[in-house]
file upload-v9.pdb (PDB, C-alpha atoms)
ATOM      1  CA  MET A  64       7.521   6.784 134.044
ATOM      2  CA  SER A  65       7.185   7.957 130.467
ATOM      3  CA  PRO A  66       3.702   9.176 129.543
ATOM      4  CA  SER A  67       1.783   6.938 127.206
ATOM      5  CA  LEU A  68       1.442   8.405 123.750
ATOM      6  CA  ALA A  69      -2.019   8.454 122.272
ATOM      7  CA  PRO A  70      -2.298   8.538 118.477
ATOM      8  CA  PRO A  71      -1.169  11.991 117.329
ATOM      9  CA  PRO A  72      -4.151  14.367 117.155
ATOM     10  CA  GLY A  73      -2.828  15.959 113.998
ATOM     11  CA  SER A  74      -5.340  14.829 111.409
ATOM     12  CA  ALA A  75      -8.846  15.311 112.786
ATOM     13  CA  GLN A  76      -8.589  17.342 115.995
ATOM     14  CA  LEU A  77      -5.960  19.795 114.743
ATOM     15  CA  ARG A  78      -7.407  20.503 111.329
ATOM     16  CA  ALA A  79     -10.291  22.888 110.760
ATOM     17  CA  ASP A  80     -13.584  21.120 110.117
ATOM     18  CA  CYS A  81     -15.877  23.955 109.049
ATOM     19  CA  GLY A  82     -18.855  21.623 108.789
ATOM     20  CA  ARG A  83     -18.746  21.080 112.566
ATOM     21  CA  CYS A  84     -18.101  24.727 113.488
ATOM     22  CA  PHE A  85     -20.526  27.613 113.879
ATOM     23  CA  GLY A  86     -18.505  29.953 111.664
ATOM     24  CA  LEU A  87     -16.536  31.308 114.628
ATOM     25  CA  CYS A  88     -13.616  32.548 112.510
ATOM     26  CA  CYS A  89     -16.168  34.671 110.598
ATOM     27  CA  VAL A  90     -17.576  36.140 113.803
ATOM     28  CA  VAL A  91     -15.037  36.328 116.624
ATOM     29  CA  PRO A  92     -12.014  38.151 115.095
ATOM     30  CA  ALA A  93     -12.048  41.770 114.001
ATOM     31  CA  PHE A  94     -10.504  42.797 110.705
ATOM     32  CA  ALA A  95      -9.818  46.115 109.034
ATOM     33  CA  ARG A  96     -10.146  47.111 105.407
ATOM     34  CA  SER A  97      -6.780  46.371 103.823
ATOM     35  CA  ALA A  98      -5.103  44.318 101.114
ATOM     36  CA  ASP A  99      -6.272  41.236 103.021
ATOM     37  CA  PHE A 100      -9.859  42.276 103.770
ATOM     38  CA  ALA A 101     -12.263  44.251 101.600
ATOM     39  CA  ILE A 102     -14.283  45.593 104.542
ATOM     40  CA  ASP A 103     -14.051  46.567 108.193
ATOM     41  CA  LYS A 104     -15.589  44.111 110.649
ATOM     42  CA  PRO A 105     -15.669  44.563 114.433
ATOM     43  CA  ALA A 106     -14.954  41.670 116.782
ATOM     44  CA  GLY A 107     -17.989  39.592 117.682
ATOM     45  CA  GLN A 108     -20.004  40.599 114.643
ATOM     46  CA  ALA A 109     -20.749  38.129 111.873
ATOM     47  CA  CYS A 110     -19.231  38.819 108.460
ATOM     48  CA  PRO A 111     -22.010  39.842 106.042
ATOM     49  CA  HIS A 112     -21.008  36.933 103.786
ATOM     50  CA  LEU A 113     -21.671  34.342 106.510
ATOM     51  CA  GLY A 114     -24.818  32.417 105.683
ATOM     52  CA  PRO A 115     -27.444  31.069 108.109
ATOM     53  CA  ASP A 116     -25.866  27.621 107.664
ATOM     54  CA  HIS A 117     -22.527  29.017 108.948
ATOM     55  CA  ARG A 118     -20.986  28.686 105.494
ATOM     56  CA  CYS A 119     -19.196  31.448 103.620
ATOM     57  CA  GLY A 120     -21.297  32.700 100.735
ATOM     58  CA  ILE A 121     -18.247  33.688  98.667
ATOM     59  CA  HIS A 122     -15.874  30.876  99.681
ATOM     60  CA  THR A 123     -14.810  30.064  96.116
ATOM     61  CA  GLU A 124     -14.210  33.751  95.297
ATOM     62  CA  LEU A 125     -12.526  35.015  98.457
ATOM     63  CA  ARG A 126      -9.289  36.102  96.787
ATOM     64  CA  GLN A 127     -11.051  37.703  93.839
ATOM     65  CA  ARG A 128     -13.430  39.570  96.178
ATOM     66  CA  GLY A 129     -10.599  40.982  98.326
ATOM     67  CA  PHE A 130     -10.658  38.542 101.255
ATOM     68  CA  ALA A 131      -7.273  36.861 100.888
ATOM     69  CA  GLY A 132      -6.850  37.083 104.665
ATOM     70  CA  CYS A 133      -9.720  34.643 105.136
ATOM     71  CA  THR A 134      -8.032  32.048 102.925
ATOM     72  CA  VAL A 135      -4.937  31.836 105.123
ATOM     73  CA  PHE A 136      -6.554  31.734 108.564
ATOM     74  CA  ASP A 137      -6.169  28.409 110.348
ATOM     75  CA  CYS A 138      -7.926  27.659 113.620
ATOM     76  CA  PHE A 139      -6.102  24.296 113.975
ATOM     77  CA  GLY A 140      -9.430  22.676 114.854
ATOM     78  CA  ALA A 141     -10.292  25.080 117.676
ATOM     79  CA  GLY A 142     -13.539  26.069 115.940
ATOM     80  CA  GLN A 143     -15.113  22.651 116.100
ATOM     81  CA  GLN A 144     -13.705  22.093 119.613
ATOM     82  CA  VAL A 145     -15.540  25.191 120.884
ATOM     83  CA  SER A 146     -18.698  24.437 118.928
ATOM     84  CA  GLN A 147     -19.072  20.731 119.554
ATOM     85  CA  VAL A 148     -17.170  20.045 122.783
ATOM     86  CA  THR A 149     -16.934  23.178 124.925
ATOM     87  CA  PHE A 150     -20.522  24.206 124.120
ATOM     88  CA  GLY A 151     -21.877  20.771 123.286
ATOM     89  CA  GLY A 152     -23.266  21.722 119.884
ATOM     90  CA  ARG A 153     -25.239  24.727 121.140
ATOM     91  CA  ASP A 154     -25.435  27.195 118.240
ATOM     92  CA  TRP A 155     -24.867  30.871 119.025
ATOM     93  CA  ARG A 156     -27.524  31.829 116.485
ATOM     94  CA  GLY A 157     -30.151  30.027 118.528
ATOM     95  CA  ALA A 158     -28.607  31.152 121.819
ATOM     96  CA  PRO A 159     -27.012  34.568 121.169
ATOM     97  CA  GLU A 160     -26.194  34.978 124.857
ATOM     98  CA  THR A 161     -23.528  32.274 124.441
ATOM     99  CA  LEU A 162     -21.539  34.203 121.838
ATOM    100  CA  PRO A 163     -19.354  36.271 124.234
ATOM    101  CA  ALA A 164     -18.355  33.102 126.122
ATOM    102  CA  MET A 165     -17.727  31.303 122.842
ATOM    103  CA  ALA A 166     -15.467  34.147 121.728
ATOM    104  CA  GLU A 167     -13.507  33.920 124.984
ATOM    105  CA  ALA A 168     -13.144  30.154 124.617
ATOM    106  CA  PHE A 169     -12.058  30.460 120.987
ATOM    107  CA  ALA A 170      -9.388  33.019 121.955
ATOM    108  CA  VAL A 171      -7.923  30.464 124.390
ATOM    109  CA  LEU A 172      -8.342  27.286 122.370
ATOM    110  CA  ARG A 173      -7.011  28.555 119.077
ATOM    111  CA  PRO A 174      -3.419  29.164 120.374
ATOM    112  CA  LEU A 175      -3.572  25.962 122.432
ATOM    113  CA  HIS A 176      -4.509  23.946 119.344
ATOM    114  CA  GLU A 177      -1.737  25.626 117.393
ATOM    115  CA  LEU A 178       0.715  24.677 120.140
ATOM    116  CA  LEU A 179      -0.597  21.103 120.047
ATOM    117  CA  TRP A 180       0.098  21.042 116.313
ATOM    118  CA  TYR A 181       3.702  22.158 116.846
ATOM    119  CA  VAL A 182       4.325  19.645 119.630
ATOM    120  CA  THR A 183       2.851  16.868 117.518
ATOM    121  CA  GLU A 184       5.121  17.878 114.633
ATOM    122  CA  ALA A 185       8.134  17.901 116.968
ATOM    123  CA  LEU A 186       7.388  14.325 118.003
ATOM    124  CA  THR A 187       7.627  13.226 114.356
ATOM    125  CA  LEU A 188      11.246  14.430 114.234
ATOM    126  CA  HIS A 189      12.440  11.420 116.256
ATOM    127  CA  PRO A 190      13.998  13.393 119.114
ATOM    128  CA  PRO A 191      16.144  11.653 121.754
ATOM    129  CA  ALA A 192      14.189   9.623 124.301
ATOM    130  CA  ASP A 193      14.400  12.157 127.133
ATOM    131  CA  LEU A 194      13.245  15.021 124.912
ATOM    132  CA  ARG A 195      10.533  12.838 123.421
ATOM    133  CA  ASP A 196       9.211  12.158 126.916
ATOM    134  CA  GLU A 197       9.184  15.873 127.738
ATOM    135  CA  LEU A 198       7.366  16.657 124.507
ATOM    136  CA  ALA A 199       4.849  13.910 125.189
ATOM    137  CA  ARG A 200       4.163  15.358 128.629
ATOM    138  CA  ALA A 201       3.785  18.822 127.117
ATOM    139  CA  ARG A 202       1.326  17.470 124.585
ATOM    140  CA  ALA A 203      -0.712  15.707 127.265
ATOM    141  CA  GLU A 204      -0.766  18.834 129.453
ATOM    142  CA  THR A 205      -1.770  21.046 126.526
ATOM    143  CA  ALA A 206      -4.507  18.651 125.444
ATOM    144  CA  ALA A 207      -5.844  18.577 129.015
ATOM    145  CA  LEU A 208      -6.097  22.379 129.011
ATOM    146  CA  THR A 209      -8.312  22.271 125.918
ATOM    147  CA  GLU A 210     -10.880  20.022 127.572
ATOM    148  CA  GLY A 211     -12.154  22.494 130.160
ATOM    149  CA  ASP A 212     -15.549  24.124 130.321
ATOM    150  CA  PRO A 213     -15.868  27.881 129.589
ATOM    151  CA  ALA A 214     -15.215  28.857 133.212
ATOM    152  CA  ARG A 215     -12.079  26.741 133.424
ATOM    153  CA  LEU A 216     -10.785  27.974 130.067
ATOM    154  CA  ARG A 217     -10.943  31.545 131.361
ATOM    155  CA  THR A 218      -8.343  30.626 133.985
ATOM    156  CA  VAL A 219      -5.802  29.266 131.482
ATOM    157  CA  ASP A 220      -2.661  31.385 131.135
ATOM    158  CA  VAL A 221      -1.891  30.576 127.500
ATOM    159  CA  ALA A 222       1.224  32.767 127.331
ATOM    160  CA  ALA A 223       2.791  31.158 130.390
ATOM    161  CA  HIS A 224       2.080  27.660 129.130
ATOM    162  CA  ARG A 225       3.482  28.496 125.701
ATOM    163  CA  ASP A 226       6.635  29.889 127.329
ATOM    164  CA  ARG A 227       7.142  26.537 129.071
ATOM    165  CA  VAL A 228       6.675  24.522 125.878
ATOM    166  CA  ASN A 229       8.564  26.661 123.350
ATOM    167  CA  PRO A 230      12.061  25.739 124.648
ATOM    168  CA  LEU A 231      11.230  22.081 123.989
ATOM    169  CA  LEU A 232      10.216  22.923 120.416
ATOM    170  CA  SER A 233      13.446  24.868 119.918
ATOM    171  CA  GLN A 234      15.439  21.949 121.287
ATOM    172  CA  ALA A 235      13.672  19.530 118.945
ATOM    173  CA  SER A 236      14.427  21.842 116.035
ATOM    174  CA  ASP A 237      18.102  22.225 116.975
ATOM    175  CA  THR A 238      18.479  18.462 117.246
ATOM    176  CA  ALA A 239      16.807  17.804 113.892
ATOM    177  CA  ARG A 240      18.832  20.524 112.124
ATOM    178  CA  SER A 241      22.197  19.581 113.626
ATOM    179  CA  PRO A 242      24.580  20.735 112.341
ATOM    180  CA  GLY A 243      22.563  23.896 111.916
ATOM    181  CA  GLY A 244      22.645  26.216 108.935
ATOM    182  CA  VAL A 245      22.482  30.002 108.836
ATOM    183  CA  ASP A 246      20.655  31.718 111.691
ATOM    184  CA  HIS A 247      18.011  34.109 110.358
ATOM    185  CA  ARG A 248      15.808  33.814 113.437
ATOM    186  CA  GLY A 249      13.569  36.890 113.581
ATOM    187  CA  ALA A 250      15.302  38.406 110.551
ATOM    188  CA  ARG A 251      13.487  41.084 108.585
ATOM    189  CA  LEU A 252      13.850  40.031 104.950
ATOM    190  CA  PRO A 253      10.802  41.428 103.119
ATOM    191  CA  GLY A 254      11.279  41.238  99.360
ATOM    192  CA  ALA A 255      14.793  39.807  99.741
ATOM    193  CA  ASP A 256      16.305  37.806  96.881
ATOM    194  CA  LEU A 257      17.343  34.598  98.633
ATOM    195  CA  ARG A 258      17.745  32.396  95.577
ATOM    196  CA  ARG A 259      21.493  32.037  96.034
ATOM    197  CA  VAL A 260      21.476  31.678  99.821
ATOM    198  CA  ASP A 261      21.990  28.210 101.278
ATOM    199  CA  LEU A 262      18.969  27.820 103.564
ATOM    200  CA  ARG A 263      19.262  24.117 104.216
ATOM    201  CA  ARG A 264      18.998  23.506 107.992
ATOM    202  CA  ALA A 265      18.512  27.269 108.472
ATOM    203  CA  ASN A 266      16.827  28.789 111.512
ATOM    204  CA  LEU A 267      14.036  30.958 110.077
ATOM    205  CA  ARG A 268      11.871  31.025 113.211
ATOM    206  CA  GLY A 269       9.825  34.226 113.211
ATOM    207  CA  ALA A 270      11.555  35.568 110.096
ATOM    208  CA  LEU A 271       9.716  38.231 108.093
ATOM    209  CA  LEU A 272       9.788  36.852 104.543
ATOM    210  CA  ILE A 273       6.903  38.799 103.012
ATOM    211  CA  GLY A 274       7.406  38.840  99.248
ATOM    212  CA  ALA A 275      10.826  37.183  99.499
ATOM    213  CA  ASP A 276      12.171  35.500  96.370
ATOM    214  CA  LEU A 277      12.757  31.860  97.284
ATOM    215  CA  ARG A 278      12.404  30.402  93.814
ATOM    216  CA  GLY A 279      14.229  27.114  93.483
ATOM    217  CA  VAL A 280      15.591  27.272  97.046
ATOM    218  CA  ASP A 281      16.167  24.057  98.967
ATOM    219  CA  LEU A 282      14.566  24.508 102.404
ATOM    220  CA  SER A 283      15.269  20.983 103.625
ATOM    221  CA  LEU A 284      15.337  20.862 107.446
ATOM    222  CA  ALA A 285      14.909  24.640 107.666
ATOM    223  CA  ASP A 286      12.773  25.665 110.648
ATOM    224  CA  VAL A 287      10.022  28.078 109.537
ATOM    225  CA  THR A 288       8.121  28.260 112.833
ATOM    226  CA  GLY A 289       6.137  31.506 112.752
ATOM    227  CA  ALA A 290       7.855  32.713 109.578
ATOM    228  CA  ASP A 291       5.713  35.198 107.649
ATOM    229  CA  LEU A 292       5.572  33.860 104.084
ATOM    230  CA  ARG A 293       2.834  36.132 102.763
ATOM    231  CA  GLY A 294       3.483  36.655  99.062
ATOM    232  CA  ALA A 295       6.807  34.790  99.229
ATOM    233  CA  ASP A 296       7.694  33.210  95.894
ATOM    234  CA  LEU A 297       8.163  29.478  96.466
ATOM    235  CA  ARG A 298       7.999  28.396  92.829
ATOM    236  CA  GLY A 299      10.286  25.422  92.334
ATOM    237  CA  SER A 300      11.385  25.386  95.994
ATOM    238  CA  ASP A 301      11.940  22.132  97.869
ATOM    239  CA  LEU A 302       9.722  22.112 100.972
ATOM    240  CA  ARG A 303       9.363  18.359 101.343
ATOM    241  CA  ASN A 304      11.381  18.223 104.562
ATOM    242  CA  THR A 305      10.914  21.762 105.877
ATOM    243  CA  LEU A 306      10.356  21.814 109.645
ATOM    244  CA  PHE A 307       7.141  23.147 111.219
ATOM    245  CA  LEU A 308       5.691  24.319 107.899
ATOM    246  CA  HIS A 309       1.936  24.521 108.280
ATOM    247  CA  GLN A 310      -0.707  24.783 105.617
ATOM    248  CA  SER A 311      -1.650  28.410 106.213
ATOM    249  CA  GLN A 312       1.933  29.476 105.438
ATOM    250  CA  LEU A 313       1.654  27.755 102.064
ATOM    251  CA  ASP A 314      -1.764  29.298 101.470
ATOM    252  CA  ALA A 315      -0.270  32.754 102.024
ATOM    253  CA  ALA A 316       2.623  32.221  99.604
ATOM    254  CA  ARG A 317       3.050  31.743  95.866
ATOM    255  CA  GLY A 318       4.095  28.443  94.335
ATOM    256  CA  ASP A 319       3.793  26.244  91.294
ATOM    257  CA  VAL A 320       3.562  22.641  90.190
ATOM    258  CA  ARG A 321       7.281  22.096  90.825
ATOM    259  CA  THR A 322       7.217  23.283  94.444
ATOM    260  CA  GLY A 323       8.135  20.185  96.434
ATOM    261  CA  LEU A 324       5.647  19.384  99.214
ATOM    262  CA  SER A 325       5.328  16.506 101.640
ATOM    263  CA  ALA A 326       2.336  14.180 101.447
ATOM    264  CA  THR A 327       0.821  15.877 104.515
ATOM    265  CA  ARG A 328       0.565  19.293 102.840
ATOM    266  CA  THR A 329      -1.871  20.414 100.149
ATOM    267  CA  ARG A 330      -0.955  22.442  97.084
ATOM    268  CA  PRO A 331      -3.059  25.633  97.345
ATOM    269  CA  PRO A 332      -5.539  26.066  94.489
ATOM    270  CA  HIS A 333      -4.319  29.584  93.694
ATOM    271  CA  TRP A 334      -0.787  28.353  92.926
ATOM    272  CA  THR A 335       0.024  28.391  89.241
ATOM    273  CA  ALA A 336       0.100  25.110  87.363
ATOM    274  CA  LEU A 337       2.955  26.402  85.228
ATOM    275  CA  PRO A 338       6.468  25.192  86.093
ATOM    276  CA  LEU A 339       9.227  27.500  87.193
ATOM    277  CA  THR A 340      10.984  29.225  84.322
ATOM    278  CA  PRO A 341      14.719  29.298  85.071
ATOM    279  CA  VAL A 342      16.221  32.753  85.392
ATOM    280  CA  ARG A 343      18.736  33.014  82.547
ATOM    281  CA  GLN A 344      21.810  35.091  83.220
ATOM    282  CA  PRO A 345      22.992  37.253  80.288
ATOM    283  CA  SER A 346      26.185  36.147  78.605
ATOM    284  CA  ARG A 347      29.261  38.352  78.823
ATOM    285  CA  ALA A 348      28.927  39.248  75.159
ATOM    286  CA  THR A 349      25.322  40.334  75.649
ATOM    287  CA  ALA A 350      26.283  42.375  78.675
ATOM    288  CA  ARG A 351      29.062  44.135  76.723
ATOM    289  CA  ARG A 352      26.667  44.964  73.877
ATOM    290  CA  SER A 353      24.146  46.358  76.392
ATOM    291  CA  ARG A 354      26.775  48.637  77.935
ATOM    292  CA  ARG A 355      27.836  50.008  74.495
ATOM    293  CA  ARG A 356      24.232  51.062  73.730
TER     294      ARG A 356
END
call {"tool": "encode", "arguments": {"input": "upload-v9.pdb", "output": "structure tokens"}}
result
Amino acid sequence: MSPSLAPPPGSAQLRADCGRCFGLCCVVPAFARSADFAIDKPAGQACPHLGPDHRCGIHTELRQRGFAGCTVFDCFGAGQQVSQVTFGGRDWRGAPETLPAMAEAFAVLRPLHELLWYVTEALTLHPPADLRDELARARAETAALTEGDPARLRTVDVAAHRDRVNPLLSQASDTARSPGGVDHRGARLPGADLRRVDLRRANLRGALLIGADLRGVDLSLADVTGADLRGADLRGSDLRNTLFLHQSQLDAARGDVRTGLSATRTRPPHWTALPLTPVRQPSRATARRSRRR
């Protein structure tokens, strides 16, 4: 029997709600001084900019103050799940002994929530009935894993579960992209000029696209699962039907008012409001004059 499908948990449960979280993303992870973070911070220690109300004191100035890495982190709703469900609203500030267990739970729930997001996205691609049933079962099983108490969460083998689900996501992608485009899965393309490459229906899963020039590129039905788009130039690109594109990838990239986005994605505030200026190729006469100089 096919599993019954509950309403997709994509909007509320799989989107960060910082007002219901105890600032776990500002406490649990470690980060090192770099282009993404202005300071060193060890794991389990609160960022000095985290206020007593669990709000970031420099939230509106993160990029200007050297904390671009904070602006692209996405917990996929795991923060409020740990804070309000796993620990029933018990604040680590009032009960510091709970923080290590909260950190352990967050480390399990964050990848599970991310996986839930991908499975939910796959179900929107209208896969064949048998694959849809398998994806629905995977979603139900993943959701069930997120509902455990701290002791049960410690027993979850996230990597093994992800290995069982990922082939279904790949199959959903292959079906949606058929006939597939170029295969750049896992390709290392930092800074590459891809403006003249046909990337429609392309497989870009896990591709390294840091700083890549994708201005004006049509990425319709391209699969960008896990693609690193930090600093990628998406000005004027068409991302309206890009597969598995999540908000943090957009937040890490560059774009403008002409970048095409679906209604479920938000245009990052740091993107320029100026439209893409077409790159004008020099005429042959201009090129000849340049060579004579």
call {"tool": "residues_near_point", "arguments": {"input": "upload-v9.pdb", "point": "(-11.2, 23.1, 118.8)", "cutoff": "9 Å", "atoms": "only C-alpha atoms", "output": "number ranges by chain"}}
result
A: 76-79, 84, 138-149, 169, 172-173, 175-176, 209
call {"tool": "resolve_selection", "arguments": {"input": "upload-v9.pdb", "expression": "the PyMOL selection byres ((chain A and resi 125-133) around 9)", "output": "ChimeraX atom specification"}}
result
/A:88-89,97-102,121-124,134-137,315,333
call {"tool": "write_last_selection", "arguments": {"input": "upload-v9.pdb", "atoms": "C-alpha atoms", "output": "mmCIF file, keeping the file's coordinate frame"}}
result
data_model
loop_
_atom_site.group_PDB
_atom_site.id
_atom_site.type_symbol
_atom_site.label_atom_id
_atom_site.label_comp_id
_atom_site.auth_asym_id
_atom_site.auth_seq_id
_atom_site.Cartn_x
_atom_site.Cartn_y
_atom_site.Cartn_z
ATOM 1 C CA CYS A 88 -13.616 32.548 112.510
ATOM 2 C CA CYS A 89 -16.168 34.671 110.598
ATOM 3 C CA SER A 97 -6.780 46.371 103.823
ATOM 4 C CA ALA A 98 -5.103 44.318 101.114
ATOM 5 C CA ASP A 99 -6.272 41.236 103.021
ATOM 6 C CA PHE A 100 -9.859 42.276 103.770
ATOM 7 C CA ALA A 101 -12.263 44.251 101.600
ATOM 8 C CA ILE A 102 -14.283 45.593 104.542
ATOM 9 C CA ILE A 121 -18.247 33.688 98.667
ATOM 10 C CA HIS A 122 -15.874 30.876 99.681
ATOM 11 C CA THR A 123 -14.810 30.064 96.116
ATOM 12 C CA GLU A 124 -14.210 33.751 95.297
ATOM 13 C CA THR A 134 -8.032 32.048 102.925
ATOM 14 C CA VAL A 135 -4.937 31.836 105.123
ATOM 15 C CA PHE A 136 -6.554 31.734 108.564
ATOM 16 C CA ASP A 137 -6.169 28.409 110.348
ATOM 17 C CA ALA A 315 -0.270 32.754 102.024
ATOM 18 C CA HIS A 333 -4.319 29.584 93.694
#
call {"tool": "atom_distance", "arguments": {"input": "upload-v9.pdb", "atom1": "CA of Arg96 (chain A)", "atom2": "CA of Leu113 (chain A)"}}
result
17.2 Å
call {"tool": "residues_around", "arguments": {"input": "upload-v9.pdb", "residues": "Leu282 (chain A)", "least_positions_apart": "5", "cutoff": "9 Å", "atoms": "all atoms listed in the file", "output": "list in words"}}
result
Asp261, Leu262, Arg263, Arg264, Ala265, Ser300, Asp301, Leu302, Arg303, Asn304, Thr305 and Leu306 of chain A
call {"tool": "write_last_selection", "arguments": {"input": "upload-v9.pdb", "atoms": "C-alpha atoms", "output": "tab-separated table (two decimals), in the frame of the given file"}}
result
chain	number	residue	atom	x	y	z
A	261	ASP	CA	21.99	28.21	101.28
A	262	LEU	CA	18.97	27.82	103.56
A	263	ARG	CA	19.26	24.12	104.22
A	264	ARG	CA	19.00	23.51	107.99
A	265	ALA	CA	18.51	27.27	108.47
A	300	SER	CA	11.38	25.39	95.99
A	301	ASP	CA	11.94	22.13	97.87
A	302	LEU	CA	9.72	22.11	100.97
A	303	ARG	CA	9.36	18.36	101.34
A	304	ASN	CA	11.38	18.22	104.56
A	305	THR	CA	10.91	21.76	105.88
A	306	LEU	CA	10.36	21.81	109.64
call {"tool": "residues_around", "arguments": {"input": "upload-v9.pdb", "residues": "Asn266 (chain A)", "least_positions_apart": "3", "cutoff": "7 Å", "atoms": "only C-alpha atoms", "output": "number ranges by chain"}}
result
A: 244-248, 285-286
call {"tool": "residues_around", "arguments": {"input": "upload-v9.pdb", "residues": "His117 (chain A)", "least_positions_apart": "3", "cutoff": "10 Å", "atoms": "all atoms listed in the file", "output": "PDB file with C-alpha atoms, keeping the file's coordinate frame"}}
result
ATOM      1  CA  CYS A  81     -15.877  23.955 109.049  1.00  0.00           C
ATOM      2  CA  GLY A  82     -18.855  21.623 108.789  1.00  0.00           C
ATOM      3  CA  ARG A  83     -18.746  21.080 112.566  1.00  0.00           C
ATOM      4  CA  CYS A  84     -18.101  24.727 113.488  1.00  0.00           C
ATOM      5  CA  PHE A  85     -20.526  27.613 113.879  1.00  0.00           C
ATOM      6  CA  GLY A  86     -18.505  29.953 111.664  1.00  0.00           C
ATOM      7  CA  LEU A  87     -16.536  31.308 114.628  1.00  0.00           C
ATOM      8  CA  CYS A  89     -16.168  34.671 110.598  1.00  0.00           C
ATOM      9  CA  VAL A  90     -17.576  36.140 113.803  1.00  0.00           C
ATOM     10  CA  ALA A 109     -20.749  38.129 111.873  1.00  0.00           C
ATOM     11  CA  HIS A 112     -21.008  36.933 103.786  1.00  0.00           C
ATOM     12  CA  LEU A 113     -21.671  34.342 106.510  1.00  0.00           C
ATOM     13  CA  GLY A 114     -24.818  32.417 105.683  1.00  0.00           C
ATOM     14  CA  GLY A 120     -21.297  32.700 100.735  1.00  0.00           C
ATOM     15  CA  ASP A 154     -25.435  27.195 118.240  1.00  0.00           C
ATOM     16  CA  ARG A 156     -27.524  31.829 116.485  1.00  0.00           C
TER      17      ARG A 156
END
call {"tool": "decode", "arguments": {"input": "upload-v9.pdb", "residues": "region 290-340 of chain A", "atoms": "C-alpha atoms", "output": "tab-separated table (two decimals), in the first residue's frame"}}
result
chain	number	residue	atom	x	y	z
A	290	ALA	CA	26.78	22.75	-6.04
A	291	ASP	CA	29.05	25.36	-4.47
A	292	LEU	CA	27.86	28.71	-5.86
A	293	ARG	CA	29.82	30.98	-3.54
A	294	GLY	CA	30.58	34.17	-5.46
A	295	ALA	CA	29.14	32.74	-8.69
A	296	ASP	CA	27.83	35.48	-10.97
A	297	LEU	CA	24.17	34.74	-11.68
A	298	ARG	CA	23.23	38.16	-13.04
A	299	GLY	CA	20.59	37.73	-15.72
A	300	SER	CA	20.54	33.92	-15.36
A	301	ASP	CA	17.31	31.95	-15.60
A	302	LEU	CA	16.87	29.92	-12.40
A	303	ARG	CA	13.09	29.68	-12.43
A	304	ASN	CA	13.08	25.93	-13.09
A	305	THR	CA	16.47	24.92	-11.70
A	306	LEU	CA	16.29	21.64	-9.76
A	307	PHE	CA	17.14	21.42	-6.05
A	308	LEU	CA	18.26	25.05	-5.81
A	309	HIS	CA	17.96	26.12	-2.20
A	310	GLN	CA	18.00	29.58	-0.74
A	311	SER	CA	21.45	29.42	0.84
A	312	GLN	CA	22.99	28.79	-2.60
A	313	LEU	CA	21.40	32.00	-3.84
A	314	ASP	CA	22.52	33.86	-0.72
A	315	ALA	CA	26.11	32.81	-1.43
A	316	ALA	CA	26.05	33.95	-5.06
A	317	ARG	CA	25.79	37.25	-6.92
A	318	GLY	CA	22.72	38.24	-8.89
A	319	ASP	CA	20.63	41.15	-10.05
A	320	VAL	CA	17.08	42.23	-10.74
A	321	ARG	CA	16.98	40.23	-13.98
A	322	THR	CA	17.99	36.92	-12.40
A	323	GLY	CA	14.96	34.70	-12.91
A	324	LEU	CA	13.73	33.06	-9.69
A	325	SER	CA	10.73	30.91	-8.87
A	326	ALA	CA	8.06	32.20	-6.51
A	327	THR	CA	9.42	29.95	-3.74
A	328	ARG	CA	12.84	31.62	-3.68
A	329	THR	CA	13.76	35.05	-2.31
A	330	ARG	CA	16.01	37.56	-4.03
A	331	PRO	CA	18.90	38.14	-1.58
A	332	PRO	CA	19.13	41.72	-0.32
A	333	HIS	CA	22.81	42.03	-1.27
A	334	TRP	CA	22.07	41.39	-4.96
A	335	THR	CA	22.36	44.50	-7.08
A	336	ALA	CA	19.20	46.18	-8.29
A	337	LEU	CA	20.94	47.09	-11.54
A	338	PRO	CA	20.15	44.95	-14.60
A	339	LEU	CA	22.74	42.91	-16.41
A	340	THR	CA	24.79	44.91	-18.87
